[in-house]
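Undergrad: Supplied in structure tokens, the structure appears directly below.
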Amino acid sequence: MKFTVSIRLTNTEGALERLLGRLRQRAFEISSMSAERTADRAYLDARFTIEGTRDVEPVIKQLAKCYEVLNLKFQYTEGGAQNGQWQHHTEREVCLPV
Amino acid sequence: MKGADILIKALESEGVDVIFGYPGGAIMPVYDALVGSKLKHILVRHEQAAALAADGYARASGNVGVCMATSGPGATNLLTGIANAQLDSVPMVAITGQVSTTLMGTDAFQEVDIFGMSMSVVKHNFIVRKTSDIAKTIHDAFELARSGRPGPVLVDLPKDVVSADLEDVQFKTSSSKPMPRPEAKDLHVAHDLILNSAQPLIYAGGGIRIAGASKELTAFVDATGIPVVTTLQGLGAIPADHPLNLGMLGMHGTKAANFAVQSCDLLICIGARFDDRVTGKLAEFAPGAKVIHMDADPAEIGKLRMVQCAIMGDIKVALNFLHVRPEIDFWVKRCMSNKEKYAWDYDAPMESVYAPKFIKEMSDRSPENTIVSCDVGQHQMWVAQHYGFKSPNNHLTSGGLGTMGFGLPAAIGAQYASPESCVVTVSGDGSIMMNIQELATLKRYNIPVKIVLFDNKALGMVRQWQELFFNENYSEVDLSDNPDFVKVAEAFGIPSFRVERADEVNDAIDRMFNHKGPVLLHVLIDPKENVWPLVPPGKSNEQMMEAKTV
Ligand SMILES: Cc1ncc(C[n+]2csc(CCOP(=O)(O)OP(=O)(O)O)c2C)c(N)n1
Ligand SMILES: [Mg+2]
């Protein structure tokens, strides 16, 4: 399974590292990544292309659960039912502080 | 105002009354500011115990537990306790000292990157690099720790940040957002699933305690007439003696509970997470069941089991809404007859102490509202099986991480959360040694925790597995050279006595409960006793092993 995740996250200490850790723990391999800070320095826009053998949805939920993640969308590029279509992940853990 | 004073003030505005901790170099400015504050600080004797005591405090009270340690070894010693809170969703704020920001990254004395190290075992963590961020970060940490699915939050505070001065600090008062209501459409789907089921079963977990929804669960059970099984963390979510309670499911669950799960056609999972100790072989767990899953954490839905209906948000609202009565008399009768047929048998014609019977007696003889914490091993499972819990806040057990050494510090924390309650910890001869130094804490503060120490001269649970699954090839499980635990307790100034025979048990239990201060009861049990029934690893829940009949 190959998929791409595009994430906007707050530009706070450790935010990227937290995402990478969650991918590593579940044995997903990153084949490419990029991240760019927004002009106002408040956010990072990150994009990962990922390969793995495990189900994708649980790890997407784990990424979305990170407090720093503001929004997330993903698309399967190989092996998914809806290849090439962006799917927005909107659910966040209930009542997180802002 | 110094950064350290801001921290203390911020903790006070969060309503913190007690902190479990241990001082050291990097956190010294904070300990300096602690003198004269309203916060009570309990000096434990190992930082792991600080985190586990904060955990016990949180489980017993429902409030956020707070622990504190210095940088480096102090911080790393906290980690096991933090992971313990993470795996059982316990609200906690852990405060660590750190070397000054200018020294961070230079391998300074007592520098470890605790922020990086703890990242995978916390709900969230922060490094505070500016004094002006302290108040807000502490506020956010508390809100995060207790919101939604609770968990531990670590705040790392460099020494220069807590030493600097700042004028005009704004403090927010403690706040948290209410749980949103579940979506009506999901509730209606659940309603119809329940109404149309013939063999429904409730599978209740630790989420009930977290949501404070025991009353609502019991009312839901009474209204629907649906039988209940609970997880280890769910024990007491519905009273143990409720007629429809079939007991704990899973590896050491009751036969009635496991048979019900395997034959139900609708599984109503409430605040539980399909843990491998519960499901056995996942693919064969509740094979014929549709699933309704209620949880505060979206990441739990569909993680291990496909569900037909997911309900997010306030469990209480959901449970109150779902008062429907399906026609299930035949199913309930079958469950009840299993419950009767497989009820525990406490007849043990032996002179030595039979641990399950001991726990049962302790349960019957305990004062109202007794809180029981346990360590990890066979004794923990006997407590789960044989103690009749009436409230989930009264059973403190390390389920997710299985942390030997949890029991005594957790009992200390629970006693501070509930000073009027009787607090007992049930430990093993292996586990007690993991945090035995906390006997000194009991003595110093005269904390009236009762310790029941089951001594089977072994790492019993591991020995049991070696017996059953490793051809009796016993490897490093013998503890026959244990110290004299009565003398150990006495050396710490804790009264202690020993029980060796079955006919001494009842008097000993009464004596322990009647004793005013801390006390250690050293109970010798048969080293060969095992925990039954048992679902072997990798097997499905109907394949339960039982005691070999002698
Ligand atoms: C910190 C830690 N180390 C190792 C284990 C593995 N383990 C689980 S149960 C157990 C034996 C516990 O012995 P004891 O406390 O005497 O309890 P018993 O099973 O004999 O009742 C061990 C070593 C663990 N759970 N936690
Ligand atoms: Mg033992």
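Chain labels A, B, ... are given in the sequence in which chains occur in the structure tokens; within each chain residues are numbered consecutively from 1, and ligands are likewise numbered from 1 in the order shown.
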With 8 Å as the limit and counting only C-alpha atoms, what residues in chain B lie close to chain A? Please list them as a list in words.
TA: Gly116, Met119, Ser120, His124, Phe126, Ile127, Asp140, Glu143, Leu144, Ser147, Gly148, Arg149, Ser176, Lys177, Pro178, Met179, Pro180, Ala296, Asp297, Pro298, Ala299, Gly302, Lys303 and Gly313 of chain B
Undergrad: Residues within 10 Å of B:Asp526, please, as a ChimeraX atom specification. Count only C-alpha atoms; anything in the same chain fewer than 5 positions from it doesn't count.
TA: /B:350,352-355,454-457,500
Undergrad: I'd like a table as a tab-separated table: residues in chain B with an atom no more than 8 Å from ligand 1, each row giving the shortest atom pair and its distance in Å to one decimal, only C-alpha atoms and all ligand atoms counted, sorted by chain and rising residue number.
TA:
```
residue	atom	partner	partner_atom_place_in_ligand_line	distance
B:Asp375	CA	ligand 1	15 (O)	6.5
B:Val376	CA	ligand 1	9 (S)	5.2
B:Gly377	CA	ligand 1	19 (O)	3.4
B:Gln378	CA	ligand 1	21 (O)	3.7
B:His379	CA	ligand 1	21 (O)	4.1
B:Gln380	CA	ligand 1	21 (O)	6.8
B:Leu401	CA	ligand 1	25 (N)	7.5
B:Gly402	CA	ligand 1	25 (N)	4.8
B:Thr403	CA	ligand 1	26 (N)	4.5
B:Met404	CA	ligand 1	26 (N)	4.1
B:Gly405	CA	ligand 1	1 (C)	6.7
B:Ser427	CA	ligand 1	15 (O)	6.2
B:Gly428	CA	ligand 1	15 (O)	3.6
B:Asp429	CA	ligand 1	16 (O)	4.0
B:Gly430	CA	ligand 1	16 (O)	3.5
B:Ser431	CA	ligand 1	15 (O)	3.6
B:Ile432	CA	ligand 1	15 (O)	6.4
B:Met434	CA	ligand 1	1 (C)	7.4
B:Phe454	CA	ligand 1	21 (O)	6.6
B:Asp455	CA	ligand 1	16 (O)	6.6
B:Asn456	CA	ligand 1	20 (O)	5.8
B:Lys457	CA	ligand 1	16 (O)	7.0
B:Ala458	CA	ligand 1	20 (O)	5.2
B:Leu459	CA	ligand 1	13 (O)	3.5
B:Gly460	CA	ligand 1	20 (O)	3.2
B:Met461	CA	ligand 1	19 (O)	3.8
B:Val462	CA	ligand 1	10 (C)	5.4
B:Arg463	CA	ligand 1	19 (O)	7.7
B:Val477	CA	ligand 1	23 (C)	7.7
```
Undergrad: If you run DSSP on the backbone, which residues of stretch 2-47 of chain A are strand (DSSP E or B), as a ChimeraX atom specification?
TA: /A:2-10,29-37,43-47
Undergrad: Restricted to N, CA, C and O atoms, what would the selected residues look like written as an mmCIF file, in the first residue's frame?
TA:
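Full text of out.cif as output:
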```cif
data_model
loop_
_atom_site.group_PDB
_atom_site.id
_atom_site.type_symbol
_atom_site.label_atom_id
_atom_site.label_comp_id
_atom_site.auth_asym_id
_atom_site.auth_seq_id
_atom_site.Cartn_x
_atom_site.Cartn_y
_atom_site.Cartn_z
ATOM 1 N N LYS A 2 0.584 2.179 -0.950
ATOM 2 C CA LYS A 2 1.292 3.467 -0.937
ATOM 3 C C LYS A 2 0.260 4.566 -0.753
ATOM 4 O O LYS A 2 -0.816 4.512 -1.341
ATOM 5 N N PHE A 3 0.606 5.553 0.035
ATOM 6 C CA PHE A 3 -0.320 6.667 0.189
ATOM 7 C C PHE A 3 0.431 7.953 0.506
ATOM 8 O O PHE A 3 1.592 7.928 0.924
ATOM 9 N N THR A 4 -0.243 9.058 0.260
ATOM 10 C CA THR A 4 0.336 10.367 0.531
ATOM 11 C C THR A 4 -0.515 11.063 1.574
ATOM 12 O O THR A 4 -1.740 11.019 1.506
ATOM 13 N N VAL A 5 0.143 11.664 2.544
ATOM 14 C CA VAL A 5 -0.584 12.397 3.574
ATOM 15 C C VAL A 5 -0.139 13.841 3.529
ATOM 16 O O VAL A 5 1.057 14.129 3.452
ATOM 17 N N SER A 6 -1.092 14.722 3.589
ATOM 18 C CA SER A 6 -0.781 16.145 3.590
ATOM 19 C C SER A 6 -1.363 16.745 4.867
ATOM 20 O O SER A 6 -2.546 16.585 5.151
ATOM 21 N N ILE A 7 -0.503 17.381 5.633
ATOM 22 C CA ILE A 7 -0.901 17.789 6.981
ATOM 23 C C ILE A 7 -0.527 19.241 7.244
ATOM 24 O O ILE A 7 0.593 19.666 6.945
ATOM 25 N N ARG A 8 -1.469 19.977 7.818
ATOM 26 C CA ARG A 8 -1.103 21.296 8.359
ATOM 27 C C ARG A 8 -0.979 21.143 9.869
ATOM 28 O O ARG A 8 -1.881 20.646 10.542
ATOM 29 N N LEU A 9 0.164 21.548 10.400
ATOM 30 C CA LEU A 9 0.337 21.431 11.848
ATOM 31 C C LEU A 9 0.884 22.722 12.426
ATOM 32 O O LEU A 9 1.462 23.542 11.695
ATOM 33 N N THR A 10 0.669 22.902 13.708
ATOM 34 C CA THR A 10 1.216 24.108 14.339
ATOM 35 C C THR A 10 2.731 23.977 14.366
ATOM 36 O O THR A 10 3.279 22.892 14.554
ATOM 37 N N GLU A 29 7.120 3.029 6.049
ATOM 38 C CA GLU A 29 8.362 3.562 5.500
ATOM 39 C C GLU A 29 8.041 4.815 4.689
ATOM 40 O O GLU A 29 7.125 4.818 3.867
ATOM 41 N N ILE A 30 8.803 5.849 4.949
ATOM 42 C CA ILE A 30 8.580 7.094 4.211
ATOM 43 C C ILE A 30 9.466 7.091 2.973
ATOM 44 O O ILE A 30 10.679 6.942 3.081
ATOM 45 N N SER A 31 8.831 7.227 1.802
ATOM 46 C CA SER A 31 9.671 7.232 0.600
ATOM 47 C C SER A 31 10.013 8.657 0.179
ATOM 48 O O SER A 31 10.994 8.873 -0.515
ATOM 49 N N SER A 32 9.194 9.623 0.579
ATOM 50 C CA SER A 32 9.629 11.009 0.401
ATOM 51 C C SER A 32 8.848 11.904 1.344
ATOM 52 O O SER A 32 7.756 11.556 1.793
ATOM 53 N N MET A 33 9.436 13.027 1.679
ATOM 54 C CA MET A 33 8.729 13.960 2.558
ATOM 55 C C MET A 33 9.204 15.375 2.316
ATOM 56 O O MET A 33 10.320 15.614 1.849
ATOM 57 N N SER A 34 8.320 16.314 2.648
ATOM 58 C CA SER A 34 8.718 17.716 2.589
ATOM 59 C C SER A 34 7.912 18.467 3.635
ATOM 60 O O SER A 34 6.824 18.041 4.016
ATOM 61 N N ALA A 35 8.469 19.547 4.113
ATOM 62 C CA ALA A 35 7.730 20.371 5.067
ATOM 63 C C ALA A 35 8.148 21.810 4.873
ATOM 64 O O ALA A 35 9.330 22.102 4.660
ATOM 65 N N GLU A 36 7.185 22.701 4.927
ATOM 66 C CA GLU A 36 7.489 24.108 4.709
ATOM 67 C C GLU A 36 6.747 24.948 5.739
ATOM 68 O O GLU A 36 5.565 24.731 5.983
ATOM 69 N N ARG A 37 7.474 25.913 6.305
ATOM 70 C CA ARG A 37 6.854 26.793 7.278
ATOM 71 C C ARG A 37 6.054 27.862 6.547
ATOM 72 O O ARG A 37 6.477 28.350 5.501
ATOM 73 N N TYR A 43 2.664 27.943 11.241
ATOM 74 C CA TYR A 43 2.315 26.574 10.850
ATOM 75 C C TYR A 43 3.393 25.932 10.000
ATOM 76 O O TYR A 43 4.255 26.601 9.451
ATOM 77 N N LEU A 44 3.262 24.615 9.885
ATOM 78 C CA LEU A 44 4.068 23.864 8.931
ATOM 79 C C LEU A 44 3.107 23.124 8.020
ATOM 80 O O LEU A 44 2.104 22.576 8.482
ATOM 81 N N ASP A 45 3.415 23.098 6.741
ATOM 82 C CA ASP A 45 2.669 22.241 5.832
ATOM 83 C C ASP A 45 3.581 21.083 5.455
ATOM 84 O O ASP A 45 4.630 21.295 4.845
ATOM 85 N N ALA A 46 3.188 19.904 5.854
ATOM 86 C CA ALA A 46 4.048 18.742 5.639
ATOM 87 C C ALA A 46 3.366 17.757 4.708
ATOM 88 O O ALA A 46 2.131 17.682 4.653
ATOM 89 N N ARG A 47 4.181 17.038 3.965
ATOM 90 C CA ARG A 47 3.649 16.045 3.035
ATOM 91 C C ARG A 47 4.550 14.817 3.073
ATOM 92 O O ARG A 47 5.768 14.935 2.965
#
```
Undergrad: Here is a test: counting only C-alpha atoms, which residue of B:Gly25, B:Pro356, B:Gly271, B:Gly400 is nearest to B:Asn84?
TA: B:Gly400
Undergrad: Extract the full set of helix (DSSP H, G or I) residues from chain A according to DSSP on the backbone, and format it as an mmCIF file with all heavy atoms, in the first residue's frame.
TA:
```cif
data_model
loop_
_atom_site.group_PDB
_atom_site.id
_atom_site.type_symbol
_atom_site.label_atom_id
_atom_site.label_comp_id
_atom_site.auth_asym_id
_atom_site.auth_seq_id
_atom_site.Cartn_x
_atom_site.Cartn_y
_atom_site.Cartn_z
ATOM 1 N N ALA A 15 6.727 18.898 16.857
ATOM 2 C CA ALA A 15 5.521 18.495 16.122
ATOM 3 C C ALA A 15 5.824 17.469 15.026
ATOM 4 O O ALA A 15 5.171 16.422 14.932
ATOM 5 C CB ALA A 15 4.826 19.719 15.541
ATOM 6 N N LEU A 16 6.845 17.746 14.220
ATOM 7 C CA LEU A 16 7.179 16.820 13.130
ATOM 8 C C LEU A 16 7.669 15.488 13.666
ATOM 9 O O LEU A 16 7.316 14.419 13.170
ATOM 10 C CB LEU A 16 8.304 17.425 12.278
ATOM 11 C CG LEU A 16 7.936 18.083 10.965
ATOM 12 C CD1 LEU A 16 9.207 18.543 10.266
ATOM 13 C CD2 LEU A 16 7.162 17.135 10.066
ATOM 14 N N GLU A 17 8.494 15.578 14.706
ATOM 15 C CA GLU A 17 9.076 14.385 15.317
ATOM 16 C C GLU A 17 7.972 13.443 15.815
ATOM 17 O O GLU A 17 8.053 12.226 15.707
ATOM 18 C CB GLU A 17 9.931 14.858 16.490
ATOM 19 C CG GLU A 17 10.834 13.837 17.091
ATOM 20 C CD GLU A 17 11.651 14.460 18.231
ATOM 21 O OE1 GLU A 17 11.758 15.709 18.310
ATOM 22 O OE2 GLU A 17 12.166 13.680 19.055
ATOM 23 N N ARG A 18 6.922 14.034 16.363
ATOM 24 C CA ARG A 18 5.819 13.233 16.894
ATOM 25 C C ARG A 18 5.141 12.438 15.768
ATOM 26 O O ARG A 18 4.844 11.259 15.917
ATOM 27 C CB ARG A 18 4.805 14.160 17.575
ATOM 28 C CG ARG A 18 4.014 13.515 18.687
ATOM 29 C CD ARG A 18 3.015 14.496 19.305
ATOM 30 N NE ARG A 18 3.614 15.690 19.875
ATOM 31 C CZ ARG A 18 4.114 15.776 21.107
ATOM 32 N NH1 ARG A 18 4.091 14.738 21.900
ATOM 33 N NH2 ARG A 18 4.626 16.908 21.555
ATOM 34 N N LEU A 19 4.944 13.112 14.623
ATOM 35 C CA LEU A 19 4.323 12.418 13.493
ATOM 36 C C LEU A 19 5.223 11.288 13.002
ATOM 37 O O LEU A 19 4.770 10.171 12.746
ATOM 38 C CB LEU A 19 4.072 13.403 12.348
ATOM 39 C CG LEU A 19 3.104 14.556 12.624
ATOM 40 C CD1 LEU A 19 2.957 15.423 11.381
ATOM 41 C CD2 LEU A 19 1.742 14.020 13.043
ATOM 42 N N LEU A 20 6.516 11.595 12.883
ATOM 43 C CA LEU A 20 7.458 10.590 12.379
ATOM 44 C C LEU A 20 7.501 9.380 13.314
ATOM 45 O O LEU A 20 7.560 8.233 12.868
ATOM 46 C CB LEU A 20 8.860 11.199 12.243
ATOM 47 C CG LEU A 20 8.983 12.273 11.155
ATOM 48 C CD1 LEU A 20 10.360 12.933 11.203
ATOM 49 C CD2 LEU A 20 8.737 11.681 9.778
ATOM 50 N N GLY A 21 7.455 9.640 14.609
ATOM 51 C CA GLY A 21 7.485 8.551 15.590
ATOM 52 C C GLY A 21 6.292 7.629 15.432
ATOM 53 O O GLY A 21 6.416 6.407 15.499
ATOM 54 N N ARG A 22 5.140 8.210 15.205
ATOM 55 C CA ARG A 22 3.940 7.370 15.070
ATOM 56 C C ARG A 22 4.005 6.510 13.816
ATOM 57 O O ARG A 22 3.540 5.370 13.809
ATOM 58 C CB ARG A 22 2.687 8.241 15.067
ATOM 59 C CG ARG A 22 2.514 8.862 16.431
ATOM 60 C CD ARG A 22 1.192 9.518 16.693
ATOM 61 N NE ARG A 22 1.289 10.044 18.066
ATOM 62 C CZ ARG A 22 0.283 10.513 18.764
ATOM 63 N NH1 ARG A 22 -0.918 10.522 18.256
ATOM 64 N NH2 ARG A 22 0.469 10.961 19.987
ATOM 65 N N LEU A 23 4.590 7.041 12.758
ATOM 66 C CA LEU A 23 4.743 6.239 11.544
ATOM 67 C C LEU A 23 5.755 5.122 11.768
ATOM 68 O O LEU A 23 5.526 3.967 11.399
ATOM 69 C CB LEU A 23 5.194 7.136 10.381
ATOM 70 C CG LEU A 23 4.144 8.125 9.871
ATOM 71 C CD1 LEU A 23 4.772 9.163 8.954
ATOM 72 C CD2 LEU A 23 3.023 7.377 9.136
ATOM 73 N N ARG A 24 6.878 5.460 12.390
ATOM 74 C CA ARG A 24 7.929 4.460 12.609
ATOM 75 C C ARG A 24 7.454 3.311 13.477
ATOM 76 O O ARG A 24 7.669 2.146 13.161
ATOM 77 C CB ARG A 24 9.144 5.113 13.274
ATOM 78 C CG ARG A 24 10.218 4.076 13.642
ATOM 79 C CD ARG A 24 11.311 4.623 14.528
ATOM 80 N NE ARG A 24 10.839 5.355 15.691
ATOM 81 C CZ ARG A 24 10.248 4.822 16.752
ATOM 82 N NH1 ARG A 24 10.033 3.522 16.824
ATOM 83 N NH2 ARG A 24 9.853 5.576 17.761
ATOM 84 N N GLN A 25 6.748 3.645 14.563
ATOM 85 C CA GLN A 25 6.322 2.603 15.497
ATOM 86 C C GLN A 25 5.450 1.564 14.795
ATOM 87 O O GLN A 25 5.421 0.406 15.185
ATOM 88 C CB GLN A 25 5.554 3.256 16.652
ATOM 89 C CG GLN A 25 5.402 2.344 17.848
ATOM 90 C CD GLN A 25 4.626 3.020 18.975
ATOM 91 O OE1 GLN A 25 4.189 4.155 18.862
ATOM 92 N NE2 GLN A 25 4.462 2.304 20.070
ATOM 93 N N VAL A 56 -4.163 1.421 6.624
ATOM 94 C CA VAL A 56 -3.813 2.837 6.599
ATOM 95 C C VAL A 56 -4.687 3.658 7.551
ATOM 96 O O VAL A 56 -4.206 4.555 8.237
ATOM 97 C CB VAL A 56 -3.914 3.370 5.155
ATOM 98 C CG1 VAL A 56 -3.686 4.868 5.111
ATOM 99 C CG2 VAL A 56 -2.896 2.648 4.277
ATOM 100 N N GLU A 57 -5.968 3.340 7.608
ATOM 101 C CA GLU A 57 -6.879 4.200 8.380
ATOM 102 C C GLU A 57 -6.476 4.341 9.852
ATOM 103 O O GLU A 57 -6.521 5.446 10.394
ATOM 104 C CB GLU A 57 -8.320 3.697 8.280
ATOM 105 C CG GLU A 57 -8.717 3.348 6.863
ATOM 106 C CD GLU A 57 -9.774 4.258 6.283
ATOM 107 O OE1 GLU A 57 -10.593 4.770 7.058
ATOM 108 O OE2 GLU A 57 -9.767 4.430 5.045
ATOM 109 N N PRO A 58 -6.080 3.265 10.531
ATOM 110 C CA PRO A 58 -5.697 3.454 11.929
ATOM 111 C C PRO A 58 -4.521 4.419 12.103
ATOM 112 O O PRO A 58 -4.521 5.237 13.019
ATOM 113 C CB PRO A 58 -5.314 2.037 12.394
ATOM 114 C CG PRO A 58 -6.096 1.125 11.508
ATOM 115 C CD PRO A 58 -6.143 1.827 10.187
ATOM 116 N N VAL A 59 -3.535 4.358 11.218
ATOM 117 C CA VAL A 59 -2.395 5.258 11.395
ATOM 118 C C VAL A 59 -2.791 6.697 11.052
ATOM 119 O O VAL A 59 -2.324 7.648 11.663
ATOM 120 C CB VAL A 59 -1.145 4.788 10.617
ATOM 121 C CG1 VAL A 59 -1.240 5.083 9.140
ATOM 122 C CG2 VAL A 59 0.104 5.452 11.207
ATOM 123 N N ILE A 60 -3.698 6.838 10.105
ATOM 124 C CA ILE A 60 -4.205 8.182 9.795
ATOM 125 C C ILE A 60 -4.866 8.776 11.040
ATOM 126 O O ILE A 60 -4.656 9.929 11.408
ATOM 127 C CB ILE A 60 -5.227 8.118 8.629
ATOM 128 C CG1 ILE A 60 -4.518 7.741 7.326
ATOM 129 C CG2 ILE A 60 -5.995 9.423 8.481
ATOM 130 C CD1 ILE A 60 -3.588 8.796 6.792
ATOM 131 N N LYS A 61 -5.651 7.944 11.704
ATOM 132 C CA LYS A 61 -6.309 8.429 12.926
ATOM 133 C C LYS A 61 -5.282 8.762 14.003
ATOM 134 O O LYS A 61 -5.444 9.727 14.753
ATOM 135 C CB LYS A 61 -7.284 7.385 13.453
ATOM 136 C CG LYS A 61 -8.540 7.254 12.619
ATOM 137 C CD LYS A 61 -9.480 6.247 13.254
ATOM 138 C CE LYS A 61 -10.783 6.139 12.478
ATOM 139 N NZ LYS A 61 -11.683 5.150 13.079
ATOM 140 N N GLN A 62 -4.231 7.956 14.096
ATOM 141 C CA GLN A 62 -3.200 8.234 15.094
ATOM 142 C C GLN A 62 -2.469 9.542 14.785
ATOM 143 O O GLN A 62 -2.110 10.282 15.693
ATOM 144 C CB GLN A 62 -2.188 7.080 15.181
ATOM 145 C CG GLN A 62 -2.728 5.827 15.856
ATOM 146 C CD GLN A 62 -3.119 6.049 17.306
ATOM 147 O OE1 GLN A 62 -2.649 6.978 17.958
ATOM 148 N NE2 GLN A 62 -4.001 5.211 17.820
ATOM 149 N N LEU A 63 -2.247 9.804 13.502
ATOM 150 C CA LEU A 63 -1.603 11.068 13.130
ATOM 151 C C LEU A 63 -2.539 12.235 13.443
ATOM 152 O O LEU A 63 -2.139 13.242 14.020
ATOM 153 C CB LEU A 63 -1.244 11.080 11.640
ATOM 154 C CG LEU A 63 -0.186 10.069 11.174
ATOM 155 C CD1 LEU A 63 -0.016 10.148 9.658
ATOM 156 C CD2 LEU A 63 1.157 10.324 11.861
ATOM 157 N N ALA A 64 -3.797 12.055 13.084
ATOM 158 C CA ALA A 64 -4.767 13.136 13.281
ATOM 159 C C ALA A 64 -4.959 13.448 14.760
ATOM 160 O O ALA A 64 -5.359 14.545 15.137
ATOM 161 C CB ALA A 64 -6.103 12.756 12.653
ATOM 162 N N LYS A 65 -4.663 12.470 15.592
ATOM 163 C CA LYS A 65 -4.847 12.627 17.032
ATOM 164 C C LYS A 65 -3.792 13.542 17.652
ATOM 165 O O LYS A 65 -3.987 14.065 18.732
ATOM 166 C CB LYS A 65 -4.703 11.232 17.665
ATOM 167 C CG LYS A 65 -5.673 10.960 18.765
ATOM 168 C CD LYS A 65 -5.579 9.496 19.146
ATOM 169 C CE LYS A 65 -5.088 9.340 20.546
ATOM 170 N NZ LYS A 65 -5.338 7.995 21.071
#
```
Undergrad: Excluding B:Val423 and any residue of its chain fewer than 2 positions from it, enumerate the residues within 6 Å of it, using only C-alpha atoms, and give them as a list in words.
TA: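 Contacts, with the query itself left out: Thr370, Ile371, Val372 and Val449 of chain B.
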Undergrad: Create the file for the chosen residues now, containing N, CA, C and O atoms and written as an mmCIF file, in the first residue's frame.
TA:
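Written output follows (out.cif):
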```cif
data_model
loop_
_atom_site.group_PDB
_atom_site.id
_atom_site.type_symbol
_atom_site.label_atom_id
_atom_site.label_comp_id
_atom_site.auth_asym_id
_atom_site.auth_seq_id
_atom_site.Cartn_x
_atom_site.Cartn_y
_atom_site.Cartn_z
ATOM 1 N N THR B 370 -13.929 0.463 50.556
ATOM 2 C CA THR B 370 -12.496 0.148 50.557
ATOM 3 C C THR B 370 -11.933 0.218 49.134
ATOM 4 O O THR B 370 -12.569 -0.229 48.189
ATOM 5 N N ILE B 371 -10.750 0.815 49.022
ATOM 6 C CA ILE B 371 -10.066 0.893 47.724
ATOM 7 C C ILE B 371 -8.966 -0.166 47.705
ATOM 8 O O ILE B 371 -8.208 -0.290 48.666
ATOM 9 N N VAL B 372 -8.908 -0.932 46.628
ATOM 10 C CA VAL B 372 -7.882 -1.970 46.526
ATOM 11 C C VAL B 372 -6.982 -1.679 45.332
ATOM 12 O O VAL B 372 -7.463 -1.559 44.205
ATOM 13 N N VAL B 449 -2.133 2.755 54.814
ATOM 14 C CA VAL B 449 -2.329 1.733 53.778
ATOM 15 C C VAL B 449 -2.085 0.339 54.362
ATOM 16 O O VAL B 449 -1.132 0.128 55.114
#
```
Undergrad: How many Å lie between atom CA of B:Asp507 and atom CA of B:Pro495, rounded to one decimal?
TA: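 Here the two named atoms are 16.2 Å from each other.
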Undergrad: Using Å and a single decimal, report how far atom CA of B:Leu79 sits from atom CA of B:Glu47.
TA: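 Straight-line distance from atom CA of B:Glu47 to atom CA of B:Leu79 works out to 8.9 Å.
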Undergrad: Which polymer residues have any atom within 7 Å of an atom of A:Trp86, counting only C-alpha atoms, with same-chain residues fewer than 6 positions away left out, as a list in words?
TA: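 Counting only C-alpha atoms, the residues come to Lys73, Phe74 and Gln75 of chain A.
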Undergrad: Atom CA of B:His386 and atom CA of B:Val488, how far apart in Å?
TA: 28.5 Å
